[in-house]
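> Okay, here's the structure, questions in a sec.
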Amino acid sequence: MNRLPASLCLAAVLGVALMRCGDEPSAPAETPKLRPRPAGAAAAAAADAGTQPSTPYLYAYNPLGKRDPFRSFLVEAKLEESSATCNEPLCQWDVEQLALVAVVSGEANPVAMLEDPNQVGHIIRRNTRVGRQGGKVTQVLRDCVVVTEYWTGPDGKSNPNPIKVCVKKDRRGDMPVDLFDPQKRWQ
């Protein structure tokens, strides 16, 4: 009894195998190639006729430079905001409100002192965070400090904005001289 079903299964398998042997070998699958778009007149005629052009167009998605559509933009905004926040005391004021008082530039790591509007001095070095925009001190020169703030453009690129804060000259030495009496200075 067991032989009959086994022999039927074997006959079915051999029959399918013999049917497949007569088929011609299939050609290897070709990769689709991009075809040029039809000329302007042919495309306009196809559009007017309401038919699709005869050449198929292939589209390949390139995710470079695009945000992930499955991530929440609110989470990304919070991450950017948390990285831009500055907890240092000089981040309370804009860079334009700060005044450079002194620079010690004879060392490998120069040091400077910025004065806030409350006339409190703060020691700074390179990479110190300064300003409400979260800028960093990038250079400490002989009489100036360069603070670089970064802003994001509409294309998503981060653009640097260097701001120079220089030592203010002492106004007592710049008193005008009376041309009629050079010994007399303006009061």
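In the structure tokens, the first chain shown is A, the next is B, and so on; residue numbers restart at 1 for each chain, and ligands run from 1 in the order shown.
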Would you mind listing what lies within 8 Å of A:Trp151 as a PyMOL selection string, with only C-alpha atoms counted and same-chain residues fewer than 6 positions away left out?
chain A and resi 158-161
> Considering only C-alpha atoms, return as a PyMOL selection string whatever protein or nucleic-acid residues lie within 12 Å of stretch 89-103 of chain A, sequence-local ones (same chain, fewer than 5 positions apart) excluded.
chain A and resi 84+109-125+128-137+139-149+161-170
> Can I get the selected residues back with N, CA and C atoms, as a compact mmCIF listing (two decimals), in the first residue's frame?

# COMPACT_ATOMS: atom_id res chain seq x y z
N ALA A 84 23.21 73.99 21.28
CA ALA A 84 23.53 75.40 21.09
C ALA A 84 23.47 76.19 22.39
N ASN A 109 49.47 79.54 24.69
CA ASN A 109 48.02 79.62 24.80
C ASN A 109 47.68 81.01 25.35
N PRO A 110 47.48 82.00 24.47
CA PRO A 110 47.24 83.36 24.94
C PRO A 110 45.94 83.48 25.72
N VAL A 111 45.93 84.46 26.62
CA VAL A 111 44.80 84.70 27.52
C VAL A 111 44.35 86.13 27.32
N ALA A 112 43.04 86.36 27.47
CA ALA A 112 42.50 87.72 27.35
C ALA A 112 41.44 87.91 28.43
N MET A 113 41.06 89.17 28.62
CA MET A 113 40.01 89.49 29.59
C MET A 113 38.93 90.30 28.90
N LEU A 114 37.70 89.78 28.97
CA LEU A 114 36.53 90.50 28.46
C LEU A 114 35.77 91.08 29.64
N GLU A 115 35.23 92.26 29.43
CA GLU A 115 34.46 92.92 30.47
C GLU A 115 33.00 92.97 30.04
N ASP A 116 32.10 92.51 30.90
CA ASP A 116 30.68 92.53 30.58
C ASP A 116 30.08 93.91 30.89
N PRO A 117 28.83 94.18 30.55
CA PRO A 117 28.22 95.48 30.82
C PRO A 117 28.15 95.84 32.30
N ASN A 118 28.24 94.84 33.20
CA ASN A 118 28.25 95.12 34.64
C ASN A 118 29.64 95.43 35.14
N GLN A 119 30.61 95.55 34.24
CA GLN A 119 32.00 95.86 34.52
C GLN A 119 32.69 94.77 35.35
N VAL A 120 32.33 93.52 35.05
CA VAL A 120 32.97 92.37 35.67
C VAL A 120 33.87 91.73 34.62
N GLY A 121 35.11 91.47 34.98
CA GLY A 121 36.06 90.89 34.04
C GLY A 121 36.00 89.37 34.02
N HIS A 122 36.16 88.79 32.83
CA HIS A 122 36.14 87.34 32.65
C HIS A 122 37.37 86.94 31.84
N ILE A 123 38.11 85.96 32.33
CA ILE A 123 39.30 85.45 31.64
C ILE A 123 38.83 84.48 30.56
N ILE A 124 39.37 84.65 29.34
CA ILE A 124 39.01 83.76 28.23
C ILE A 124 40.27 83.23 27.55
N ARG A 125 40.12 82.10 26.91
CA ARG A 125 41.15 81.48 26.08
C ARG A 125 40.49 81.01 24.80
N THR A 128 36.68 79.18 24.31
CA THR A 128 35.75 79.62 25.35
C THR A 128 34.46 80.07 24.68
N ARG A 129 33.31 79.68 25.21
CA ARG A 129 32.02 80.05 24.64
C ARG A 129 31.70 81.48 25.06
N VAL A 130 31.30 82.30 24.07
CA VAL A 130 31.02 83.71 24.30
C VAL A 130 29.80 84.10 23.48
N GLY A 131 28.90 84.88 24.06
CA GLY A 131 27.77 85.44 23.32
C GLY A 131 26.53 84.59 23.39
N ARG A 132 25.39 85.23 23.12
CA ARG A 132 24.10 84.55 23.17
C ARG A 132 23.95 83.52 22.05
N GLN A 133 24.66 83.69 20.95
CA GLN A 133 24.56 82.75 19.83
C GLN A 133 25.45 81.53 20.02
N GLY A 134 26.16 81.44 21.15
CA GLY A 134 27.00 80.27 21.41
C GLY A 134 28.28 80.27 20.62
N GLY A 135 28.84 81.45 20.33
CA GLY A 135 30.09 81.52 19.58
C GLY A 135 31.27 81.06 20.41
N LYS A 136 32.36 80.76 19.72
CA LYS A 136 33.59 80.33 20.40
C LYS A 136 34.71 81.28 20.03
N VAL A 137 35.63 81.46 20.97
CA VAL A 137 36.83 82.25 20.71
C VAL A 137 37.73 81.38 19.84
N GLN A 139 40.48 82.89 17.89
CA GLN A 139 41.82 83.45 17.86
C GLN A 139 41.96 84.49 18.95
N VAL A 140 43.13 84.51 19.57
CA VAL A 140 43.48 85.56 20.51
C VAL A 140 44.71 86.24 19.93
N LEU A 141 44.52 87.41 19.37
CA LEU A 141 45.60 88.16 18.73
C LEU A 141 46.21 89.13 19.73
N ARG A 142 47.14 89.96 19.26
CA ARG A 142 47.85 90.89 20.14
C ARG A 142 46.93 91.92 20.77
N ASP A 143 45.99 92.46 19.97
CA ASP A 143 45.09 93.47 20.52
C ASP A 143 43.62 93.20 20.18
N CYS A 144 43.32 92.01 19.69
CA CYS A 144 41.95 91.65 19.33
C CYS A 144 41.67 90.19 19.68
N VAL A 145 40.40 89.88 19.77
CA VAL A 145 39.94 88.51 19.97
C VAL A 145 38.91 88.26 18.88
N VAL A 146 38.99 87.09 18.22
CA VAL A 146 38.04 86.73 17.18
C VAL A 146 37.08 85.68 17.74
N VAL A 147 35.79 86.04 17.77
CA VAL A 147 34.74 85.13 18.22
C VAL A 147 33.98 84.68 16.97
N THR A 148 33.88 83.38 16.75
CA THR A 148 33.19 82.84 15.58
C THR A 148 31.87 82.23 16.00
N GLU A 149 30.80 82.79 15.44
CA GLU A 149 29.45 82.26 15.66
C GLU A 149 29.04 81.54 14.38
N ASN A 161 30.49 83.04 11.17
CA ASN A 161 30.39 84.50 11.21
C ASN A 161 31.43 84.99 12.21
N PRO A 162 32.66 85.32 11.75
CA PRO A 162 33.69 85.79 12.68
C PRO A 162 33.44 87.24 13.10
N ILE A 163 33.57 87.50 14.40
CA ILE A 163 33.39 88.85 14.95
C ILE A 163 34.66 89.21 15.70
N LYS A 164 35.22 90.38 15.38
CA LYS A 164 36.43 90.85 16.06
C LYS A 164 36.04 91.77 17.20
N VAL A 165 36.61 91.51 18.36
CA VAL A 165 36.46 92.39 19.52
C VAL A 165 37.86 92.90 19.82
N CYS A 166 38.06 94.21 19.68
CA CYS A 166 39.40 94.78 19.86
C CYS A 166 39.45 95.65 21.11
N VAL A 167 40.68 95.88 21.57
CA VAL A 167 40.90 96.76 22.72
C VAL A 167 40.56 98.18 22.29
N LYS A 168 39.78 98.87 23.11
CA LYS A 168 39.43 100.26 22.79
C LYS A 168 40.57 101.16 23.20
N LYS A 169 40.86 102.14 22.35
CA LYS A 169 41.93 103.09 22.63
C LYS A 169 41.52 104.01 23.76
N ASP A 170 42.51 104.46 24.50
CA ASP A 170 42.26 105.41 25.58
C ASP A 170 41.94 106.77 24.99
> With only C-alpha atoms counted and 12 Å as the cut-off, give the residues of stretch 114-161 of chain A in contact with stretch 55-74 of chain A, each with its shortest interatomic distance in Å and the pair that gives it, as JSON lines.

{"residue": "A:Asp155", "atom": "CA", "partner": "A:Gly65", "partner_atom": "CA", "distance": 9.5}
{"residue": "A:Gly156", "atom": "CA", "partner": "A:Gly65", "partner_atom": "CA", "distance": 8.6}
{"residue": "A:Lys157", "atom": "CA", "partner": "A:Gly65", "partner_atom": "CA", "distance": 9.8}
> Among stretch 104-168 of chain A, which residues does DSSP mark as strand (DSSP E or B) when it is run on the backbone? Keep the chain and numbering as in the structure and answer as an NGL selection string.
:A and (104 or 111-115 or 121-124 or 129-130 or 135-140 or 144-152 or 158-167)
> Quick one: pull the distance between atom CA of A:Glu107 and atom CA of A:Glu88, Å, one decimal.
24.2 Å
